[in-house]
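A short write-up of the structure that comes next.
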Amino acid sequence: MRNYVLSCCSTADLSKEHFEAREIYYLCFHYTMDGVERLDDLGQSMPFDQFYAAMVAGADTKTSQVSAGEYMEHFEKFLSQGKDILHVTLSSGISGSHMSAKAAVKELEKKYPDRKICIIDSLGASSGYGLIMDTLADLRDGGMGFEELSAWVEENKLKMHHWFFSSDLTFFVKGGRVSKTAGAIGGLLGICPLLNMDLEGHLIPREKIRPKKRVIQRIVEMMKEHADNGADYNGKCYISQSACYEDARAVADLVEAAFPKLNGKVEINHIGTTIGSHTGPGTVALFFWGDKRAD
Amino acid sequence: MVNNLAFTEDLQSDERYLDGEMMANMVRGGAANLRSNAREVNDLNVFPVPDGDTGDNMSMTMEGGVAALEGVDSNSLADVMEHISRGMLLGARGNSGVILSQFFAGMNKGFTACEKADAHIVGSALEEGVKQAYSSVITPTEGTILTVAREAVEYAVSRIDDNTTIPALFSDLTTEMYASLQRTPEILEVLKEAGVIDSGGAGLFYIMLGFSKILQGEEIEAAIVSAQAPKAAAVNLDAFGPDSEMSYGYCTEMLLRLQNAKVDIDAFDVSVIIEYLSSIGDSIVCVKNDSIVKLHVHTLTPGNVLTFCQQFGEALTVKIENMNVQHSEVEAAKTPAPAAKREKPVKEHGTVAVASGDGIADLFRQLGVDAVVSGGQTQNPSAQDFLSAFEEVGAKHIYVFPNNGNIVMAAKQAGQLYDKGEVHVIESKDLGQGYAAISSLNFQSDDAELIAAQLTEAMGYVKTGAISTSIRDADISGVHIETGDYIGFMGKEMLVSCKDLDKAAEELLVKMGVDTGEVYMVTAFTGIDAPADVIESLETYMAENFPDVEFYTVAGGQEVYPFIFVAE
């Protein structure tokens with residue numbers, strides 16, 4: 001019998017049903033919109049469309065870190081049942097939550113000296129972080145033990161590719177997630193910057209491409225270049241998008257055509273309110289397993 | 001010292017040798033002869049649009065050589081040619097200007113250490129010039145200035161023997177050059193189709209004709225018209241302070257219109273002016289042509305010159321420059337500024353782009369271009385213009401976007417003269433290529449070769465089409481064109497001719513493929529001649545007929561072309 005749980009944060013951007021079906025426990029981040037504190041709860045309390053429409057209308061959104069206390073509360077639910085915890089955090093390159101989780105563990109070690117809590121920095125975000133969790137669930141279900149799985153995710157996490165584009169970097173720059181100089185061209189006459197996540201889990205604009213139809217092709221080229229076994233990639237592929245389902249669908253169609261051995265159809269998720277507070281609407285992100293990130 | 005441009009006896013004293021002074025006079029004469037024929041050379045344009053500029057480009061390049069002669073008092077051929085060559089390298093504009101400057105640079109090599117040269121040496125120097133001109137072009141095209149230079153030099157050299165005089169050599173050269181020029185349409189199909197001879201070759205011919213005329217002792221009419229300095233250099237006011245002592249005097253130039261009320265114009269002899277100028281200064285040039293006298297003198301009392309000359313007529317133009325200031329500028333140019341003066345941190349990567357039109361320049365700056373060199377099809381920047389921009393940016397790696405096929409070589413030439421880093425010329429041949437590459441600017445990799453390769457790759461996805469007005473009737477690539485028509489073309493391909501601007505624009509957009517599904521986006525750069533209602537109707541046309549194509553308009557502010565379309 002398994003004696004550990006898989007845990008992550010809501011910023012892994014999978015649907016509530018998906019998390020529940022895979023038995024992945026999640027802790028909700030929170031954010032404030034126009035001064036009102038809200039929960040990043042996978043679109044339960046506020047539908048995503050409504051959230052992005054409010055952003056476009058100028059609503060002021062701020063994300064706040066999950067505190068060590070909240071982590072303690074979350075972890076204790078499992079520790080008190082005698083379970084160990086493998087918790088994977090949102091990239092330390094864009095969030096301080098990894099530190100909070102670590103701090104929580106320090107506190108809890110005294111109270112539960114016999115329990116093991118492993119905190120792993122995903123160096124990933126959104127459904128890429130989600131795809132890591134989903135893969136961990138597969139391995140867990142395949143019988144991999146706590147220690148082995150912890151080592152596996154540490155070893156493989158940088159093979160999770162995050163590629164994304166946006167027709168507007170305004171929100172990225174506003175939230176400080178992309179440097180001002182790199183983001184200066186956002187929204188200028190149809191330029192769509194193509195970004196990915198680097199070794200340290202930072203968002204890096206890699207190319208500036210115009211127009212959108214070409215960046216849609218380009219992002220799939222990136223997948224061809226980097227995916228495991230290239231065109232024979234047989235893993236899963238996730239996409240997350242913020243209020244631009246059609247663009248995401250166009251990418252998904254190209255991916256499904258280019259990778260006939262794909263494990264299932266491309267899963268298109270919503271970019272949740274935490275990540276979405278930094279991307280704004282108009283972002284499409286593509287995730288797959290591939291070669292280890294080089295820089 | 002009296003230095004009467006065309007008539008001095010001793011210049012012709014020994015026709016078997018070419019010396020520095022004669023070379024200087026020839027270059028002045030060649031420049032003047034080209035200047036007065038520049039428009040004709042401009043009009044030898046393959047397309048019937050008013051954007052020909054070969055004559056102006058070559059003329060400005062020659063002026064660079066002439067300007068470099070200022071203050072040179074050596075009679076050594078090598079010294080004089082060194083100045084001319086350097087001045088032309090910096091002054092070079094347009095591809096023909098660059099080739100021309102390389103031709104002279106080659107000649108300069110041929111004159112190394114020569115006080116003076118006989119016909120054999122001059123012949124070898126001319127051959128060296130041809131060689132260097134050819135090597136300045138990656139894939140030399142025959143039927144151009146290169147062919148004209150080569151054939152003329154081959155012919156002239158073949159006729160050299162121990163008795164050949166310098167005037168005879170250049171006479172042979174120009175004779176064959178003229179013949180070679182007439183043959184260019186037989187070699188180059190585009191010339192034949194357009195019914196013109198090669199413009200660069202024609203420019204070179206006018207220069208050599210000027211040389212020949214000077215050698216024959218002829219006067220060159222245009223030499224009387226004051227050379228138009230391309231750009232007034234900024235004067236360093238600190239070079240002459242409250243306590244400075246005037247030592248060099250004033251370089252004084254004047255165009256004097258003789259007046260019937262004051263003198264008998266036909267009988268008037270400039271020796272009276274020369275005599276007076278000799279008494280108050282030196283470096284005197286004084287030439288009369290009909291009722292105009294051009295004079296040049298270095299004097300401490302320029303006011304006296306004006307007063308004296310007013311006895312005979314009135315001034316058309318007057319130029320007086322403090323030579324102490326000029327001198328300090330020359331000195332400053334010789335000694336590089338001390339490094340400590342540059343406090344600005346050196347950037348790793350910088351960019352320089354050519355743009356014509358304020359709107360295009362602004363857009364480029366927004367996209368991250370550090371320095372915009374103004375210029376375009378009708379006004380090519382010189383190598384010096386580029387070099388100044390490079391100095392201003394001062395980066396270790398500078399990426400340059402010429403955005404015009406005819407500007408690429410000047411950019412490269414300037415790149416070789418830049419000594420603070422490496423210049424990478426991204427060979428954007430038109431606005432679209434430049435816009436595409438500049439839009440993709442990204443120095444993330446910090447690898448100059450990779451960055452240059454990516455910028456070059458980014459140019460591959462665009463097509464550029466332009467609309468202009470025809471200045472003559474023509475049939476090109478099966479398109480019938482009447483004077484005044486709006487014509488649309490992509491590069492060298494003529495596509496559309498229409499009486500209406502909006503129809504011409506719409507047809508060109510279709511020819512560019514907006515209906516094929518392969519064009520995702522069009523950016524329309526509107527020129528100063530694009531009426532607002534036409535722009536508006538074009539936006540409506542695109543939205544109604546091609547809603548899938550993203551269509552943006554940018555007020556480019558360019559001349560000559562009401563619309564430049566960039567399709568991606």
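Residue numbering restarts at 1 for every chain of the structure tokens, chains are lettered A, B, ... in their displayed order, and ligands are numbered from 1 as they appear.
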
>> Within 8 Å of chain A, which residues belong to chain B? Use only C-alpha atoms and report them as a PyMOL selection string.
In response: chain B and resi 366-367+439-442+444+520-521+550+552+568

Selected residues, C-alpha atoms, written as a CSV table (one decimal), in the first residue's frame, please.
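Result went into out.csv, see below:
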chain,number,residue,atom,x,y,z
B,366,GLN,CA,10.8,51.7,-31.1
B,367,LEU,CA,11.9,48.3,-32.3
B,439,SER,CA,11.4,43.2,-35.7
B,440,SER,CA,13.2,40.0,-34.7
B,441,LEU,CA,16.1,41.8,-32.9
B,442,ASN,CA,17.2,39.6,-30.0
B,444,GLN,CA,19.8,36.9,-25.9
B,520,TYR,CA,-0.8,36.3,-43.2
B,521,MET,CA,-0.2,40.0,-42.7
B,550,GLU,CA,-3.9,41.2,-40.7
B,552,TYR,CA,-1.6,47.5,-40.5
B,568,GLU,CA,4.6,38.4,-44.4

> So which bits of segment 88-180 of chain A end up alpha helix (DSSP H) when you DSSP the backbone, as a VMD selection string?
Replying inline: chain A and resid 97 to 111 126 to 141 146 to 156 170 to 174 180

> Counting only C-alpha atoms, what is within 12 Å of Asn57 of chain B, bar same-chain residues fewer than 2 positions away, as a PyMOL selection string?
Replying inline: chain B and resi 31+34-35+38-39+41-42+51-55+59-64+88+91-101+199-200+203-204+230+375-383+406-407+410

Next, the residues of the selection above should be written as a PDB file, in the first residue's frame with C-alpha atoms.
ATOM      1  CA  ALA B  31      34.075  65.983 -60.250  1.00  0.00           C
ATOM      2  CA  LEU B  34      30.176  64.734 -63.480  1.00  0.00           C
ATOM      3  CA  ARG B  35      28.325  67.257 -61.360  1.00  0.00           C
ATOM      4  CA  ALA B  38      24.642  64.163 -62.763  1.00  0.00           C
ATOM      5  CA  ARG B  39      20.992  64.568 -63.638  1.00  0.00           C
ATOM      6  CA  VAL B  41      23.148  59.990 -65.208  1.00  0.00           C
ATOM      7  CA  ASN B  42      20.324  59.850 -62.658  1.00  0.00           C
ATOM      8  CA  ASP B  51      14.314  57.579 -57.949  1.00  0.00           C
ATOM      9  CA  GLY B  52      17.480  57.299 -60.033  1.00  0.00           C
ATOM     10  CA  ASP B  53      20.430  58.551 -58.060  1.00  0.00           C
ATOM     11  CA  THR B  54      23.585  57.088 -59.569  1.00  0.00           C
ATOM     12  CA  GLY B  55      24.720  60.499 -60.818  1.00  0.00           C
ATOM     13  CA  SER B  59      29.116  62.952 -57.789  1.00  0.00           C
ATOM     14  CA  MET B  60      29.046  63.097 -53.985  1.00  0.00           C
ATOM     15  CA  THR B  61      31.688  60.388 -53.882  1.00  0.00           C
ATOM     16  CA  MET B  62      33.939  62.504 -56.111  1.00  0.00           C
ATOM     17  CA  GLU B  63      33.256  65.542 -53.938  1.00  0.00           C
ATOM     18  CA  GLY B  64      34.609  63.512 -51.039  1.00  0.00           C
ATOM     19  CA  MET B  88      36.398  59.057 -51.637  1.00  0.00           C
ATOM     20  CA  GLY B  91      32.387  59.923 -49.182  1.00  0.00           C
ATOM     21  CA  ALA B  92      31.200  56.861 -51.075  1.00  0.00           C
ATOM     22  CA  ARG B  93      27.445  56.604 -51.579  1.00  0.00           C
ATOM     23  CA  GLY B  94      25.522  53.938 -53.375  1.00  0.00           C
ATOM     24  CA  ASN B  95      27.029  50.836 -54.922  1.00  0.00           C
ATOM     25  CA  SER B  96      28.380  52.739 -57.908  1.00  0.00           C
ATOM     26  CA  GLY B  97      29.979  55.259 -55.528  1.00  0.00           C
ATOM     27  CA  VAL B  98      31.624  52.464 -53.586  1.00  0.00           C
ATOM     28  CA  ILE B  99      32.914  50.831 -56.755  1.00  0.00           C
ATOM     29  CA  LEU B 100      34.203  54.206 -57.905  1.00  0.00           C
ATOM     30  CA  SER B 101      35.980  54.801 -54.611  1.00  0.00           C
ATOM     31  CA  SER B 199      24.312  54.663 -65.362  1.00  0.00           C
ATOM     32  CA  GLY B 200      27.424  53.853 -63.319  1.00  0.00           C
ATOM     33  CA  GLY B 203      29.143  58.429 -64.443  1.00  0.00           C
ATOM     34  CA  LEU B 204      32.659  57.060 -64.760  1.00  0.00           C
ATOM     35  CA  PRO B 230      26.890  67.539 -48.933  1.00  0.00           C
ATOM     36  CA  GLY B 375      18.515  57.959 -46.584  1.00  0.00           C
ATOM     37  CA  GLY B 376      16.931  55.661 -49.048  1.00  0.00           C
ATOM     38  CA  GLN B 377      16.534  55.091 -52.713  1.00  0.00           C
ATOM     39  CA  THR B 378      16.890  58.686 -53.783  1.00  0.00           C
ATOM     40  CA  GLN B 379      19.383  59.736 -51.166  1.00  0.00           C
ATOM     41  CA  ASN B 380      21.958  57.117 -50.384  1.00  0.00           C
ATOM     42  CA  PRO B 381      24.010  57.626 -47.249  1.00  0.00           C
ATOM     43  CA  SER B 382      27.771  57.732 -47.602  1.00  0.00           C
ATOM     44  CA  ALA B 383      30.266  55.433 -45.962  1.00  0.00           C
ATOM     45  CA  ASN B 406      22.198  50.079 -53.441  1.00  0.00           C
ATOM     46  CA  ILE B 407      23.337  50.944 -49.933  1.00  0.00           C
ATOM     47  CA  ALA B 410      28.652  51.664 -48.607  1.00  0.00           C
TER      48      ALA B 410
END

>> Show me, as a PyMOL selection string, the residues that have an atom within 10 Å of Ser95 of chain A when counting only C-alpha atoms, minus same-chain residues fewer than 3 positions from it.
In response: chain A and resi 63-66+89-92+98-99+123+125+177+201-202

> So which residues touch Ala285 of chain A within 6 Å, counting only C-alpha atoms, skipping near sequence neighbours fewer than 4 positions away, as number ranges by chain?
Replying inline: A: 163-164, 239-240

> Separation of atom CA of Ser470 of chain B and atom CA of Leu181 of chain B, in Å?
Replying inline: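 Between atom CA of Ser470 of chain B and atom CA of Leu181 of chain B the gap works out to 25.3 Å.
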
When you look at Lys292 of chain A with a cut-off of 8 Å (counting only C-alpha atoms), what residues show up, excluding the ones that are within fewer than 6 positions of it in the same chain? I need them as a PDB file with N, CA and C atoms, in the first residue's frame.
ATOM      1  N   ASN A 156      14.596  14.534 -13.971  1.00  0.00           N
ATOM      2  CA  ASN A 156      13.923  14.735 -15.271  1.00  0.00           C
ATOM      3  C   ASN A 156      13.194  16.063 -15.465  1.00  0.00           C
ATOM      4  N   LEU A 158      13.936  19.076 -15.867  1.00  0.00           N
ATOM      5  CA  LEU A 158      14.371  20.039 -16.890  1.00  0.00           C
ATOM      6  C   LEU A 158      14.109  19.545 -18.309  1.00  0.00           C
ATOM      7  N   LYS A 159      13.580  18.330 -18.405  1.00  0.00           N
ATOM      8  CA  LYS A 159      13.204  17.830 -19.736  1.00  0.00           C
ATOM      9  C   LYS A 159      11.782  18.237 -20.095  1.00  0.00           C
ATOM     10  N   MET A 160      11.114  18.901 -19.167  1.00  0.00           N
ATOM     11  CA  MET A 160       9.761  19.394 -19.479  1.00  0.00           C
ATOM     12  C   MET A 160       9.902  20.722 -20.219  1.00  0.00           C
TER      13      MET A 160
END

>> One decimal, in Å: what's the spacing between atom CA of Ser468 of chain B and atom CA of Ile487 of chain B?
In response: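 Distance between the two atoms: 5.5 Å.
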
> Hey, what's within 12 Å of Leu387 of chain B if we count only C-alpha atoms and toss same-chain stuff fewer than 2 positions away? As number ranges by chain, please?
Replying inline: B: 89-92, 352, 371, 373, 381-385, 389-394, 398, 400, 410-421, 423

> Nearest to Leu139 of chain A among A:Asp13, A:Leu6, A:Lys77, A:Val284, with distances taken over only C-alpha atoms: which residue is it?
Replying inline: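 Closest to Leu139 of chain A of all the choices is A:Leu6.
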
>> Run DSSP on the backbone and tell me which residues of segment 388-559 of chain B come out as strand (DSSP E or B); list them as a PyMOL selection string.
In response: chain B and resi 397-401+422-425+463-469+474-476+479-481+486-490+493-498+521-526+550-555

>> Just checking: using only C-alpha atoms, which residue out of A:Cys28, A:Ala243, A:Val255, A:Met197 ends up closest to Lys224 of chain A?
In response: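 Selected residue with least distance to Lys224 of chain A: A:Val255.
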
> In Å to one decimal, how far is atom CA of Asn25 of chain B from atom CA of Gln182 of chain B?
Replying inline: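 Here the two named atoms are 27.8 Å from each other.
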
> Which is closest to Phe489 of chain B among B:Gly432, B:Gly556, B:Thr252, B:Ile564, if we use only C-alpha atoms?
Replying inline: B:Ile564
